Each structure stands twice: as C-alpha cells, then as structure tokens.
Amino acid sequence: MAMAFPKIWYSVAVGFLLPFSYAHTDFFTSIGHMTDLINTEKDLVVSLKDYIKAEESKLEQIKKWAEKLDQLTDTATKDPEGFLGHPVNAFKLMKRLNTEWGELESLVLKDMSDGFISNMTIQRQFFPNDEDQTGAAKALLRLQDTYNLDTDTLSRGNLPGVKHKSFLTAEDCFELGKIAYTEADYYHTELWMEQALKQLDEGEVSSADKVYILDYLSYAVYQQGDLGKAMMLTKRLLELDPEHQRANGNMKYFEYIMAKEKEANKSSTDAEEQTEKETEVKKKDYLPERRKYEMLCRGEGLKMTPRRQKRLFCRYYDGNRNPRYILGPVKQEDEWDKPRIVRFLDIISDEEIETVKELAKPRLSRATVHDPETGKLTTAHYRVSKSAWLSGYESPVVSRINTRIQDLTGLDVSTAEELQVANYGVGGQYEPHFDFGRKDEPDAFKELGTGNRIATWLFYMSDVSAGGATVFPEVGASVWPKKGTAVFWYNLFPSGEGDYSTRHAACPVLVGNKWVSNKWLHERGQEFRRPCTLSELE
C-alpha cells in the first residue's frame, strides 16, 4: 500500500504593525496608543491559530498513516510467509521501509512554527517593555490609594462604569506585590501578597507559590514593624517548606529581637503605640494637600456653601456682543466663584474632536513638565499622559477652534501656545500644579517671549466612566469631564500677580479613556483687552 504525504502549506500573513515610532514609547501613559496593542495582539492570535491548524493537519496525516499500517501489520504478522508469498506485498514492504518511512520521518521532523515565530519576531519590537509593565502596576496602586479601593474589590474588577469586567489572578496579585517590593513600598507589598495568598487559600489554581508569597509577605510586614505577624507568617512558611534557608534564618533573628525586647522590659503599651504609629505609614510624601486632592477626586470635601452656590448661574453668552455669537450665543455656566471657573457647553463638535484626535495621535509623546532648576522640559512621575501640539495653520479645524477661543474669552490668541492635546494612560493623572510661572521661576516661559500664562482654556474631548476630574485643592473645587464642553479660568490677576487659588490637578482615570486639549493664553497682546489694576489682588 503506497502512502503519499502531500505538502502542508502553512503561511502566516504579517498583519497589523504599529508605526515604527511607537516602539517602546511609554505605552502605559496613553490609552490611545495602547489601543494599537489590541490590534497587534489580535494579529498574533490569528497567527497562532494558523500555526495550530498546521500542526493539527500534520498530526492528522500521521494518524491516518499509523491507522492504515496498524491494520496492515496485524494481517501480515499473523502469517508472515503467506503474506510475503504475494509478490506485490513483498515489493510494497521494500518500498515502505526504504522510502515511505523516511518521508514520514521528514514529516514528523518538519517545524510548523516558522511562520508564527517570524511574525512574533517582527511584532516583538513594538511590544511594551518592563517600564510599561511597572508603570501600569504603579497606576493600579495609585488608583487604589486615590479612590480608597480595597485589594479584593480591585482584584475582582468591581469598578464603577466598567463595560468589560476583568479580574486579577493570584499570580497577577503576586506580581503587583513584587513590583511594590522593588520600590520598597512595603505597605502595598503586604496588601497584594495577602490578596494573592487569600485567593490561593480559597482554592484558586495558580502557578503562584505560597512559599514565595509568604517569604515576601513576612519581610514586608517586618519592615512595617509588626514583629508578631512576621513571625506567624514565617512559621506558616516553614510548615510548607521546613528546609527554607532564609525563613529559618529570619525566624532565629525574629526570636532574638523578641527576646531582646523582653529583656529590656519594654512595656506592651509602648510597643502597641510604636506598632500603630509605624503601620500608619502608607506612602512616602503623603502630604495634607495630597489628602485633599484625593478626597476631591472621590467627590468628597467640596467646600461650596449653599449661599455661594446661589450665586452661580447659567446663561446664554455672546462673547460680549461678538458678531459671531449675537444671533447664536453659546451656553455657559458657572462652576466656581473664586477663582471664577466657567464651563462652555456644546462648544466643540464630535467631528471636530475626531479631527483633533486623528491629527494628534501620530505625534503623541510622553507629556513633560518644566524643571524649575534647569528650565528644560522633562518627564515626571506625577504627570502620566501623552501630549501633542497642533498649530492653527495645519488644519482649518484647529484654526477655527483658536478663533472660537479668542471670540469667547476676548483675549488675543496670537501670543498663545499651540493647542496641546493630551491622552491619559492607565491611572493617568497630573498632580497639583500651577499653569503660570511663579516669582521663583522667572525664566519659565522666557524662550516664548510672550510673558506669563494669563489664562487656561481646557476642552474635554471624551466622557470618562469613573475618575478623571479636574480639581482645585486650595479651594475645594471639582470639575468633572463632559464631552464637548470646555472650562476657562484666569491664572493671573489683572495686576499680573499669580492667583495661587488656581493650583489644580487632573485626577487619575479610574475607568475609561480621557482626551483633553488646552490652550494657554499669555500676557502679551492683552494689554488693552484686560487692563492692569492698581491692586495686586484684583
């Protein structure tokens, strides 16, 4: 019986490729750029399924060969001489062993993974790197702190406004704990190692090892001053692995410290106070402003009194009789009184938003801040987003937007900075800051030659499912994103002095995708549009 082995054609089309400039560009700082990774992963899944089909086809041929030879050899071995007495059988035996078994061997040895591996090699240069994974992990920890989320809620994905629910495995929790550990953040190390242990104790099947988890956990607890709990966790570790060298060494050390404390006759009251004091330490640099900022991000702690609220109004606004808006005024409402923050509704269309996003997306790069010491732009951990700058001459849409800002603010935009478009990443935020240059930053905008930033215009170009508010910690104001609207405020008093109550922040995005664009207007050109006053605070 002759066996033929047709050639298996296996090809993998190298599909969606990210633009070359996207390679290793802080993916975690922009949801807009991360969406391209979804397409990359989808392409890899298609490639993987093609590889599986090729392997299945190969195995199916081998299986058919084995089944036919199984029947043939069963018959032949019952009467070898009689079987070979037929000259055709004798010929076919020679042919099979000399030729067909060699072809089968070649088929078995054929590597069907070449196409998939080559696709992986090409796509890998556009993959996120360790910095992206660490940045995304830190973002989860930041969201946990800002929005007071316990580890179980975050692990189970029970977040407000989610469309696609997801959960963290014990292995994911272990990874978060390890990243916190490498940052010497023992508070979060303890939280996430305990969550990983809890999920394993509940029966979750995982590659995460309880011994490794307990090793990290006991040390993190010890670093926070809870010696008793550290000893208890180490004992549990030794029950699982009695020969664990580091745990045995730690246990001896813990027992020594405990004995030393008893010898010193340290009172239990003092010990409790010290333990309580040390375990209260959550994070470095946890300042009062930080607490106010986080409360405002959660919608807590607003300071507006009912009496002041009665002074806030909504109106149709014509830009102080601007010809373009006399017959078609825009909707304006007061968000806050001091500093005065106003919101313009339906001020940018969906079509304009999409045009701005499409223009900006290829240019998005990690957002920077002014370094007051060097005067240069640099990235910072407290600003997690990507931004791009758009000039009015590039597109009629951008030019039309600039004109609209000038008409409605009454300020000259010819000396303003270009339109900055920003997209926030995982837990994207911009911690409390001033838009204007303070007196100790005289060279903040020197290279522009247009003076200080007199005012800020901020477009919200997307709705945000949860989080993402613009908050003013000094006064207790929270302004929530609403697609198609814009907010405006002055950073300087008419005298040119900075208004320190305008210190503001962009809260982390808890769920969703936040796109904004802003226009910073400068002093030059406003001399007759917004005259100076004699008082510094007016």
# chains A, B, ... in the order shown; residues from 1 in each chain; ligands from 1
>>> residues_around(residues="Thr182 of chain A", least_positions_apart="5", cutoff="12 Å", atoms="only C-alpha atoms", output="PyMOL selection string")
chain A and resi 134+137-138+175-177+188-189+216+220
>>> write_last_selection(atoms="C-alpha atoms", output="PDB file, in the first residue's frame")
ATOM      1  CA  THR A 134       5.881  48.545  36.037  1.00  0.00           C
ATOM      2  CA  ALA A 137       1.266  48.259  38.007  1.00  0.00           C
ATOM      3  CA  LYS A 138       2.068  51.523  39.802  1.00  0.00           C
ATOM      4  CA  GLU A 175       3.296  40.396  40.501  1.00  0.00           C
ATOM      5  CA  LEU A 176       1.815  43.646  41.856  1.00  0.00           C
ATOM      6  CA  GLY A 177       3.237  42.840  45.279  1.00  0.00           C
ATOM      7  CA  HIS A 188       1.335  47.780  49.114  1.00  0.00           C
ATOM      8  CA  THR A 189       3.570  44.690  49.147  1.00  0.00           C
ATOM      9  CA  TYR A 216       7.816  38.435  50.562  1.00  0.00           C
ATOM     10  CA  ALA A 220       7.160  43.383  54.228  1.00  0.00           C
TER      11      ALA A 220
END
>>> select_by_dssp(residues="segment 157-383 of chain A", states="alpha helix (DSSP H)", output="number ranges by chain")
A: 170-182, 186-201, 210-223, 227-240, 245-263, 268-279, 288-297, 306-309, 350-360
>>> residues_around(residues="Arg340 of chain A", least_positions_apart="3", cutoff="9 Å", atoms="only C-alpha atoms", output="PyMOL selection string")
chain A and resi 334-337+488-490
>>> write_last_selection(atoms="all heavy atoms", output="compact mmCIF listing (two decimals), in the first residue's frame")
# COMPACT_ATOMS: atom_id res chain seq x y z
N ASP A 334 -21.57 78.72 35.45
CA ASP A 334 -20.54 78.94 36.46
C ASP A 334 -20.25 77.62 37.18
O ASP A 334 -21.18 76.96 37.66
CB ASP A 334 -20.99 79.98 37.48
CG ASP A 334 -21.22 81.35 36.85
OD1 ASP A 334 -20.50 81.68 35.90
OD2 ASP A 334 -22.12 82.07 37.33
N GLU A 335 -18.97 77.26 37.25
CA GLU A 335 -18.57 76.07 38.01
C GLU A 335 -18.09 76.45 39.41
O GLU A 335 -18.28 75.70 40.36
CB GLU A 335 -17.44 75.33 37.28
CG GLU A 335 -17.87 74.57 36.05
CD GLU A 335 -18.53 73.23 36.38
OE1 GLU A 335 -18.47 72.81 37.55
OE2 GLU A 335 -19.11 72.61 35.48
N TRP A 336 -17.46 77.63 39.52
CA TRP A 336 -16.91 78.05 40.81
C TRP A 336 -16.83 79.57 40.83
O TRP A 336 -16.77 80.20 39.76
CB TRP A 336 -15.53 77.43 41.03
CG TRP A 336 -15.15 77.30 42.49
CD1 TRP A 336 -14.31 78.11 43.20
CD2 TRP A 336 -15.61 76.30 43.39
NE1 TRP A 336 -14.22 77.66 44.50
CE2 TRP A 336 -15.02 76.55 44.65
CE3 TRP A 336 -16.48 75.21 43.27
CZ2 TRP A 336 -15.25 75.76 45.76
CZ3 TRP A 336 -16.71 74.42 44.39
CH2 TRP A 336 -16.12 74.70 45.61
N ASP A 337 -16.84 80.15 42.04
CA ASP A 337 -16.82 81.61 42.13
C ASP A 337 -15.43 82.20 42.30
O ASP A 337 -15.03 83.11 41.58
CB ASP A 337 -17.76 82.09 43.25
CG ASP A 337 -17.47 81.44 44.60
OD1 ASP A 337 -16.60 80.54 44.66
OD2 ASP A 337 -18.10 81.83 45.59
N PHE A 488 -12.85 77.41 31.53
CA PHE A 488 -11.93 78.54 31.37
C PHE A 488 -11.75 79.23 32.71
O PHE A 488 -12.69 79.41 33.47
CB PHE A 488 -12.49 79.53 30.34
CG PHE A 488 -11.71 80.82 30.23
CD1 PHE A 488 -10.52 80.87 29.53
CD2 PHE A 488 -12.17 81.98 30.84
CE1 PHE A 488 -9.79 82.04 29.42
CE2 PHE A 488 -11.45 83.17 30.75
CZ PHE A 488 -10.26 83.20 30.03
N TRP A 489 -10.48 79.60 32.99
CA TRP A 489 -10.21 80.39 34.19
C TRP A 489 -8.95 81.24 33.95
O TRP A 489 -8.12 80.92 33.10
CB TRP A 489 -10.03 79.51 35.43
CG TRP A 489 -8.81 78.64 35.42
CD1 TRP A 489 -7.55 78.96 35.84
CD2 TRP A 489 -8.73 77.27 34.98
NE1 TRP A 489 -6.69 77.91 35.68
CE2 TRP A 489 -7.39 76.84 35.16
CE3 TRP A 489 -9.65 76.37 34.45
CZ2 TRP A 489 -6.96 75.56 34.83
CZ3 TRP A 489 -9.23 75.09 34.13
CH2 TRP A 489 -7.90 74.70 34.32
N TYR A 490 -8.85 82.33 34.72
CA TYR A 490 -7.67 83.19 34.68
C TYR A 490 -6.66 82.67 35.71
O TYR A 490 -7.01 82.40 36.87
CB TYR A 490 -8.03 84.64 35.00
CG TYR A 490 -8.62 85.38 33.82
CD1 TYR A 490 -9.99 85.61 33.74
CD2 TYR A 490 -7.79 85.84 32.80
CE1 TYR A 490 -10.53 86.30 32.66
CE2 TYR A 490 -8.34 86.52 31.71
CZ TYR A 490 -9.69 86.75 31.65
OH TYR A 490 -10.22 87.41 30.57
>>> closest_residue(among="A:Ile454, A:Ile353, A:Ile117, A:Val211", to="Phe436 of chain A", atoms="only C-alpha atoms")
A:Ile454
>>> closest_residue(among="A:Cys507, A:Ala444, A:Tyr430, A:His522", to="Val413 of chain A", atoms="only C-alpha atoms")
A:His522
>>> atom_distance(atom1="atom CA of Ile31 of chain A", atom2="atom CA of Pro508 of chain A")
12.6 Å
>>> atom_distance(atom1="atom CA of Ile326 of chain A", atom2="atom CA of Val487 of chain A")
20.8 Å
>>> residues_around(residues="Glu351 of chain A", least_positions_apart="5", cutoff="12 Å", atoms="only C-alpha atoms", output="list of chain:residue names")
A:Val356, A:Lys357, A:Glu358, A:Val397, A:Val398, A:Met461, A:Gly484
>>> residues_around(residues="Asn491 of chain A", least_positions_apart="6", cutoff="12 Å", atoms="only C-alpha atoms", output="list in words")
Lys338, Pro339, Arg340, Ile341, His433, Phe434, Asp435, Phe436, Gly437, Arg438, Asn452, Arg453, Ile454, Ala455, Thr456, Trp457, Glu497, Gly498, Asp499, Tyr500, Ser501, Thr502, Arg503, His504, Trp520, Leu521, His522, Glu523 and Leu537 of chain A
>>> residues_around(residues="Gly32 of chain A", least_positions_apart="3", cutoff="10 Å", atoms="only C-alpha atoms", output="PDB file with N, CA and C atoms, in the first residue's frame")
ATOM      1  N   PHE A  27       3.948  53.086  26.583  1.00  0.00           N
ATOM      2  CA  PHE A  27       2.569  52.764  26.220  1.00  0.00           C
ATOM      3  C   PHE A  27       1.604  53.059  27.366  1.00  0.00           C
ATOM      4  N   PHE A  28       2.025  52.771  28.608  1.00  0.00           N
ATOM      5  CA  PHE A  28       1.115  52.873  29.749  1.00  0.00           C
ATOM      6  C   PHE A  28       0.635  54.300  29.992  1.00  0.00           C
ATOM      7  N   THR A  29       1.296  55.300  29.373  1.00  0.00           N
ATOM      8  CA  THR A  29       0.918  56.690  29.624  1.00  0.00           C
ATOM      9  C   THR A  29      -0.177  57.196  28.696  1.00  0.00           C
ATOM     10  N   THR A  35      -4.453  51.207  22.510  1.00  0.00           N
ATOM     11  CA  THR A  35      -5.456  50.554  21.663  1.00  0.00           C
ATOM     12  C   THR A  35      -4.807  49.870  20.465  1.00  0.00           C
ATOM     13  N   ASP A  36      -3.687  50.405  19.993  1.00  0.00           N
ATOM     14  CA  ASP A  36      -2.978  49.765  18.881  1.00  0.00           C
ATOM     15  C   ASP A  36      -2.419  48.406  19.284  1.00  0.00           C
ATOM     16  N   LEU A  37      -2.105  48.256  20.558  1.00  0.00           N
ATOM     17  CA  LEU A  37      -1.590  46.970  21.037  1.00  0.00           C
ATOM     18  C   LEU A  37      -2.669  45.885  20.972  1.00  0.00           C
ATOM     19  N   LYS A 357      -8.171  64.576  17.398  1.00  0.00           N
ATOM     20  CA  LYS A 357      -7.553  63.332  17.876  1.00  0.00           C
ATOM     21  C   LYS A 357      -6.730  62.656  16.786  1.00  0.00           C
ATOM     22  N   LYS A 361      -2.822  61.985  17.335  1.00  0.00           N
ATOM     23  CA  LYS A 361      -2.421  60.628  17.724  1.00  0.00           C
ATOM     24  C   LYS A 361      -1.047  60.201  17.209  1.00  0.00           C
ATOM     25  N   LEU A 364       1.686  61.822  19.506  1.00  0.00           N
ATOM     26  CA  LEU A 364       1.641  61.750  20.964  1.00  0.00           C
ATOM     27  C   LEU A 364       2.971  61.256  21.527  1.00  0.00           C
ATOM     28  N   LYS A 386       0.182  61.406  27.578  1.00  0.00           N
ATOM     29  CA  LYS A 386       0.936  61.749  26.379  1.00  0.00           C
ATOM     30  C   LYS A 386       0.274  62.960  25.738  1.00  0.00           C
ATOM     31  N   ALA A 422      -3.966  66.085  24.882  1.00  0.00           N
ATOM     32  CA  ALA A 422      -3.427  65.110  25.827  1.00  0.00           C
ATOM     33  C   ALA A 422      -4.365  63.911  25.949  1.00  0.00           C
ATOM     34  N   ASN A 423      -3.761  62.746  26.039  1.00  0.00           N
ATOM     35  CA  ASN A 423      -4.499  61.500  26.276  1.00  0.00           C
ATOM     36  C   ASN A 423      -3.878  60.819  27.492  1.00  0.00           C
ATOM     37  N   TYR A 424      -4.707  60.485  28.457  1.00  0.00           N
ATOM     38  CA  TYR A 424      -4.213  59.911  29.710  1.00  0.00           C
ATOM     39  C   TYR A 424      -4.157  58.392  29.628  1.00  0.00           C
ATOM     40  N   GLY A 425      -3.170  57.816  30.305  1.00  0.00           N
ATOM     41  CA  GLY A 425      -2.958  56.372  30.277  1.00  0.00           C
ATOM     42  C   GLY A 425      -3.617  55.672  31.447  1.00  0.00           C
ATOM     43  N   ASN A 513     -11.400  56.377  29.136  1.00  0.00           N
ATOM     44  CA  ASN A 513     -10.337  56.956  28.330  1.00  0.00           C
ATOM     45  C   ASN A 513     -10.535  58.461  28.300  1.00  0.00           C
ATOM     46  N   LYS A 514      -9.545  59.216  28.733  1.00  0.00           N
ATOM     47  CA  LYS A 514      -9.691  60.664  28.857  1.00  0.00           C
ATOM     48  C   LYS A 514      -8.846  61.388  27.811  1.00  0.00           C
ATOM     49  N   TRP A 515      -9.533  62.167  26.966  1.00  0.00           N
ATOM     50  CA  TRP A 515      -8.885  63.040  25.992  1.00  0.00           C
ATOM     51  C   TRP A 515      -9.227  64.484  26.341  1.00  0.00           C
TER      52      TRP A 515
END
